[in-house]
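coords16.pdb, holding PDB, C-alpha atoms:
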ATOM      1  CA  THR A   1       3.337   6.338  13.598  1.00  0.00           C
ATOM      2  CA  ARG A   2       0.017   5.992  11.810  1.00  0.00           C
ATOM      3  CA  PRO A   3      -2.146   2.986  12.752  1.00  0.00           C
ATOM      4  CA  GLU A   4      -1.993   1.610   9.189  1.00  0.00           C
ATOM      5  CA  ALA A   5       1.814   1.725   9.137  1.00  0.00           C
ATOM      6  CA  LEU A   6       2.016   0.101  12.551  1.00  0.00           C
ATOM      7  CA  ALA A   7      -0.430  -2.628  11.515  1.00  0.00           C
ATOM      8  CA  PHE A   8       1.593  -3.355   8.388  1.00  0.00           C
ATOM      9  CA  ARG A   9       4.851  -3.525  10.341  1.00  0.00           C
ATOM     10  CA  MET A  10       3.272  -5.887  12.851  1.00  0.00           C
ATOM     11  CA  LEU A  11       2.154  -8.192  10.036  1.00  0.00           C
ATOM     12  CA  ASP A  12       5.384  -7.910   8.037  1.00  0.00           C
ATOM     13  CA  TRP A  13       7.458  -9.908  10.529  1.00  0.00           C
ATOM     14  CA  HIS A  14      10.391 -10.412   8.180  1.00  0.00           C
ATOM     15  CA  GLY A  15      10.510  -6.835   6.926  1.00  0.00           C
ATOM     16  CA  TYR A  16      10.053  -7.772   3.259  1.00  0.00           C
ATOM     17  CA  GLY A  17       7.642  -4.911   2.589  1.00  0.00           C
ATOM     18  CA  GLU A  18       4.885  -7.223   1.444  1.00  0.00           C
ATOM     19  CA  LEU A  19       2.337  -9.580   2.951  1.00  0.00           C
ATOM     20  CA  SER A  20       1.174 -13.015   1.851  1.00  0.00           C
ATOM     21  CA  LEU A  21      -2.064 -14.829   2.576  1.00  0.00           C
ATOM     22  CA  SER A  22      -0.194 -17.326   4.763  1.00  0.00           C
ATOM     23  CA  VAL A  23       1.277 -14.468   6.852  1.00  0.00           C
ATOM     24  CA  LEU A  24      -2.205 -13.057   7.437  1.00  0.00           C
ATOM     25  CA  GLU A  25      -3.601 -16.469   8.360  1.00  0.00           C
ATOM     26  CA  LYS A  26      -0.690 -17.165  10.722  1.00  0.00           C
ATOM     27  CA  ASP A  27      -1.182 -13.829  12.466  1.00  0.00           C
ATOM     28  CA  LEU A  28      -4.914 -14.429  12.893  1.00  0.00           C
ATOM     29  CA  ARG A  29      -4.243 -17.888  14.356  1.00  0.00           C
ATOM     30  CA  LEU A  30      -1.666 -16.487  16.799  1.00  0.00           C
ATOM     31  CA  ARG A  31      -4.174 -13.897  17.935  1.00  0.00           C
ATOM     32  CA  GLU A  32      -6.821 -16.615  18.219  1.00  0.00           C
ATOM     33  CA  ALA A  33      -9.010 -14.601  15.880  1.00  0.00           C
ATOM     34  CA  GLU A  34     -11.568 -16.109  13.563  1.00  0.00           C
ATOM     35  CA  ILE A  35     -10.264 -16.527  10.020  1.00  0.00           C
ATOM     36  CA  PRO A  36     -12.951 -15.398   7.561  1.00  0.00           C
ATOM     37  CA  GLU A  37     -14.066 -18.158   5.206  1.00  0.00           C
ATOM     38  CA  ASN A  38     -13.471 -15.887   2.218  1.00  0.00           C
ATOM     39  CA  LEU A  39     -10.052 -14.581   3.295  1.00  0.00           C
ATOM     40  CA  ASP A  40      -8.414 -16.151   0.253  1.00  0.00           C
ATOM     41  CA  GLN A  41     -10.902 -14.392  -2.056  1.00  0.00           C
ATOM     42  CA  LEU A  42     -10.398 -11.086  -0.256  1.00  0.00           C
ATOM     43  CA  PHE A  43      -6.642 -11.432  -0.505  1.00  0.00           C
ATOM     44  CA  GLU A  44      -6.826 -12.353  -4.182  1.00  0.00           C
ATOM     45  CA  SER A  45      -8.822  -9.187  -4.887  1.00  0.00           C
ATOM     46  CA  MET A  46      -6.020  -7.128  -3.275  1.00  0.00           C
ATOM     47  CA  ASP A  47      -3.166  -8.993  -4.984  1.00  0.00           C
ATOM     48  CA  LEU A  48      -2.973  -6.693  -7.993  1.00  0.00           C
ATOM     49  CA  LEU A  49      -0.138  -8.490  -9.793  1.00  0.00           C
ATOM     50  CA  ARG A  50      -1.361 -11.981  -8.887  1.00  0.00           C
ATOM     51  CA  GLU A  51       2.000 -12.812  -7.310  1.00  0.00           C
ATOM     52  CA  GLY A  52       0.664 -13.955  -3.960  1.00  0.00           C
ATOM     53  CA  TYR A  53       1.740 -10.796  -2.134  1.00  0.00           C
ATOM     54  CA  MET A  54       0.290  -7.452  -1.120  1.00  0.00           C
ATOM     55  CA  SER A  55       2.591  -4.417  -1.051  1.00  0.00           C
ATOM     56  CA  TYR A  56       2.583  -1.683   1.547  1.00  0.00           C
ATOM     57  CA  LEU A  57       0.911   0.711  -0.902  1.00  0.00           C
ATOM     58  CA  THR A  58      -1.842  -1.799  -1.604  1.00  0.00           C
ATOM     59  CA  PHE A  59      -2.284  -2.387   2.117  1.00  0.00           C
ATOM     60  CA  LEU A  60      -2.627   1.346   2.688  1.00  0.00           C
ATOM     61  CA  SER A  61      -5.087   1.769  -0.144  1.00  0.00           C
ATOM     62  CA  VAL A  62      -7.377  -0.980   1.149  1.00  0.00           C
ATOM     63  CA  THR A  63      -7.212   0.196   4.766  1.00  0.00           C
ATOM     64  CA  LEU A  64      -7.555   3.915   4.046  1.00  0.00           C
ATOM     65  CA  PRO A  65     -11.152   5.027   4.648  1.00  0.00           C
ATOM     66  CA  ALA A  66     -13.134   5.751   1.473  1.00  0.00           C
ATOM     67  CA  GLU A  67     -13.882   9.274   2.722  1.00  0.00           C
ATOM     68  CA  ALA A  68     -10.162  10.035   2.741  1.00  0.00           C
ATOM     69  CA  ARG A  69      -9.604   8.621  -0.747  1.00  0.00           C
ATOM     70  CA  LYS A  70     -12.484  10.719  -2.102  1.00  0.00           C
ATOM     71  CA  ASN A  71     -11.244  13.904  -0.448  1.00  0.00           C
ATOM     72  CA  GLU A  72      -9.276  15.853  -3.072  1.00  0.00           C
ATOM     73  CA  ASN A  73      -7.488  18.005  -0.459  1.00  0.00           C
ATOM     74  CA  MET A  74      -6.363  14.977   1.555  1.00  0.00           C
ATOM     75  CA  CYS A  75      -5.125  13.246  -1.594  1.00  0.00           C
ATOM     76  CA  ARG A  76      -3.240  16.369  -2.675  1.00  0.00           C
ATOM     77  CA  THR A  77      -1.650  16.636   0.779  1.00  0.00           C
ATOM     78  CA  ALA A  78      -0.629  12.969   0.670  1.00  0.00           C
ATOM     79  CA  PHE A  79       0.822  13.480  -2.811  1.00  0.00           C
ATOM     80  CA  ARG A  80       2.901  16.427  -1.553  1.00  0.00           C
ATOM     81  CA  VAL A  81       4.215  14.332   1.344  1.00  0.00           C
ATOM     82  CA  PHE A  82       5.370  11.618  -1.074  1.00  0.00           C
ATOM     83  CA  ASP A  83       6.698  14.036  -3.758  1.00  0.00           C
ATOM     84  CA  ARG A  84       9.794  14.884  -1.705  1.00  0.00           C
ATOM     85  CA  ASP A  85      11.690  16.694  -4.472  1.00  0.00           C
ATOM     86  CA  MET A  86       8.526  18.592  -5.491  1.00  0.00           C
ATOM     87  CA  ASP A  87       8.919  17.844  -9.199  1.00  0.00           C
ATOM     88  CA  GLY A  88       5.268  16.880  -9.667  1.00  0.00           C
ATOM     89  CA  PHE A  89       5.940  13.114  -9.659  1.00  0.00           C
ATOM     90  CA  ILE A  90       6.328  10.424  -7.027  1.00  0.00           C
ATOM     91  CA  ASP A  91       9.299   8.248  -7.976  1.00  0.00           C
ATOM     92  CA  THR A  92      11.469   5.634  -6.267  1.00  0.00           C
ATOM     93  CA  SER A  93      13.741   8.272  -4.767  1.00  0.00           C
ATOM     94  CA  ASP A  94      10.766  10.083  -3.232  1.00  0.00           C
ATOM     95  CA  LEU A  95       9.306   6.936  -1.688  1.00  0.00           C
ATOM     96  CA  THR A  96      12.713   5.815  -0.442  1.00  0.00           C
ATOM     97  CA  SER A  97      13.021   9.150   1.382  1.00  0.00           C
ATOM     98  CA  VAL A  98       9.723   8.418   3.119  1.00  0.00           C
ATOM     99  CA  PHE A  99       9.871   4.648   3.707  1.00  0.00           C
ATOM    100  CA  GLY A 100      13.556   3.759   3.478  1.00  0.00           C
ATOM    101  CA  ASN A 101      13.888   0.547   1.460  1.00  0.00           C
ATOM    102  CA  GLU A 102      14.698   1.448  -2.159  1.00  0.00           C
ATOM    103  CA  GLN A 103      14.082  -2.040  -3.512  1.00  0.00           C
ATOM    104  CA  VAL A 104      10.648  -2.273  -1.895  1.00  0.00           C
ATOM    105  CA  CYS A 105       9.761   1.258  -3.019  1.00  0.00           C
ATOM    106  CA  ARG A 106      10.754   0.460  -6.610  1.00  0.00           C
ATOM    107  CA  GLY A 107       8.578  -2.662  -6.462  1.00  0.00           C
ATOM    108  CA  ILE A 108       5.635  -0.678  -5.143  1.00  0.00           C
ATOM    109  CA  LEU A 109       5.870   1.782  -8.019  1.00  0.00           C
ATOM    110  CA  GLN A 110       6.252  -1.018 -10.558  1.00  0.00           C
ATOM    111  CA  GLU A 111       3.077  -2.522  -9.145  1.00  0.00           C
ATOM    112  CA  VAL A 112       1.025   0.584  -9.888  1.00  0.00           C
ATOM    113  CA  SER A 113       2.804   2.315 -12.775  1.00  0.00           C
ATOM    114  CA  ALA A 114       4.584   1.134 -15.919  1.00  0.00           C
ATOM    115  CA  GLU A 115       6.631   4.368 -15.823  1.00  0.00           C
ATOM    116  CA  GLU A 116       7.747   3.712 -12.228  1.00  0.00           C
ATOM    117  CA  CYS A 117       6.523   7.134 -11.206  1.00  0.00           C
ATOM    118  CA  LEU A 118       3.171   8.733 -10.470  1.00  0.00           C
ATOM    119  CA  SER A 119       1.958  12.145 -11.580  1.00  0.00           C
ATOM    120  CA  TRP A 120      -0.663  13.924  -9.476  1.00  0.00           C
ATOM    121  CA  GLU A 121      -3.364  12.755 -11.896  1.00  0.00           C
ATOM    122  CA  ALA A 122      -2.190   9.132 -11.762  1.00  0.00           C
ATOM    123  CA  PHE A 123      -2.006   9.259  -7.956  1.00  0.00           C
ATOM    124  CA  ARG A 124      -5.510  10.758  -7.712  1.00  0.00           C
ATOM    125  CA  ASN A 125      -6.866   8.094 -10.100  1.00  0.00           C
ATOM    126  CA  LEU A 126      -5.159   5.361  -8.099  1.00  0.00           C
ATOM    127  CA  MET A 127      -6.853   6.626  -4.948  1.00  0.00           C
ATOM    128  CA  ARG A 128     -10.236   6.728  -6.687  1.00  0.00           C
ATOM    129  CA  GLU A 129      -9.802   3.254  -8.184  1.00  0.00           C
ATOM    130  CA  ALA A 130      -9.359   1.867  -4.694  1.00  0.00           C
ATOM    131  CA  LEU A 131     -12.959   2.806  -3.930  1.00  0.00           C
TER
END
Mind converting the file's structure to structure tokens?
Amino acid sequence: TRPEALAFRMLDWHGYGELSLSVLEKDLRLREAEIPENLDQLFESMDLLREGYMSYLTFLSVTLPAEARKNENMCRTAFRVFDRDMDGFIDTSDLTSVFGNEQVCRGILQEVSAEECLSWEAFRNLMREAL
């Protein structure tokens, strides 16, 4: 298990596939960690749909090192991992094969694509936009 996936699972106590600001604050309090004064602003900048939640994909994109997101070969490899049926697009079926929960996977794709699928170019642009 990758550290990012483990971190997300640890924060996503209820298994909803998304995180809220209150969940993050609660976790920091339980760990007796300092809560940054601007945590609400940071969270708002990651809440792409302004719904009060951050999806797994968003979490990954903000925790993935910039060097990895800039690396074309790493992005292409990640795209191939997600494109399970190798049709040149990442769709709900592909993500469900990787992560399991179809409803959450559909929501993740809706968050980043009106077509509910990502071509290689759209995926690469999404990775670059996260910089």
Length of the CA of Cys75 in chain A to CA of Gly15 in chain A vector [Å]: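 Answer for the CA of Cys75 in chain A to CA of Gly15 in chain A separation: 26.8 Å.
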One-decimal distance in Å that lies between CA of Ala66 in chain A and CA of Arg124 in chain A: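 Pair CA of Arg124 in chain A / CA of Ala66 in chain A returns 12.9 Å.
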Residue among A:Asp12, A:Asp47, A:Phe123, A:Leu24 lying closest to Arg76 in chain A, counting only C-alpha atoms: A:Phe123
Reference answer for the PyMOL selection byres ((chain A and resi 18) around 9), as a list in words: Phe8, Asp12, Gly15, Tyr16, Gly17, Leu19, Ser20, Tyr53, Met54, Ser55, Tyr56, Phe59 and Val104 of chain A
Exercise: residues within 10 Å of coordinate (4.9, 10.8, 1.4), counting all atoms listed in the file, as a list of chain:residue names: A:Thr77, A:Ala78, A:Phe79, A:Arg80, A:Val81, A:Phe82, A:Asp83, A:Arg84, A:Ile90, A:Asp94, A:Leu95, A:Thr96, A:Ser97, A:Val98, A:Phe99
d(CA of Cys117 in chain A, CA of Asp91 in chain A) in Å: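 That distance, rounded to one decimal, is 4.4 Å.
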Within-12 Å shell of (-5.9, -7.8, -7.5) in input frame, only C-alpha atoms, as a ChimeraX atom specification: /A:40-55,58-59,62,111-112,129-130
What box, with edges along x, y and z, holds each listed atom of range 113-129 of chain A when 5 Å is added on every side, and can you state its centre and edge lengths in Å to one decimal, as JSON?
{"center_x": -1.2, "center_y": 7.5, "center_z": -10.4, "size_x": 28.0, "size_y": 22.8, "size_z": 21.0}
Nearest to Asp27 in chain A, chosen from A:Ala7, A:Leu126, A:Leu64, A:Ile108, with all atoms listed in the file counted in the distances: A:Ala7
